[in-house]
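Colleague: The structure is given below, and queries will be raised subsequently.
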Amino acid sequence: MTSAAVDALLAPRAGWWGTVWPLPWWLFGATALAWVALRAREKTGPTPPPGCARSDWEQAA
């Protein structure tokens, strides 16, 4: 978002700016997809046996 604001307000003339300014948006999308995939993998993992005491950290997840 900062790079979009710089692009809108300052209009940089550097030749490489056209490649760099959308980079944070692509990184955000890639991070979101990676989080979704890893969270789905975590949730489909094996469940603990009945009566097993789970830690607070595992229970919160």
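If you're wondering about the labels, chains in the structure tokens are A, B, ... by order shown, residues count from 1 in each chain, ligands from 1 in order shown.
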With only C-alpha atoms as the counted atoms, please give the residues lying no more than 12 Å from region 15-21 of chain A, apart from itself and same-chain residues fewer than 3 positions off, as a PyMOL selection string.

Modeller: chain A and resi 1-8+10-12+24-27

Colleague: Can you tell me, as a ChimeraX atom specification, which residues in region 1-50 of chain A count as alpha helix (DSSP H) by DSSP?

Modeller: /A:2-10,17-20,23-43
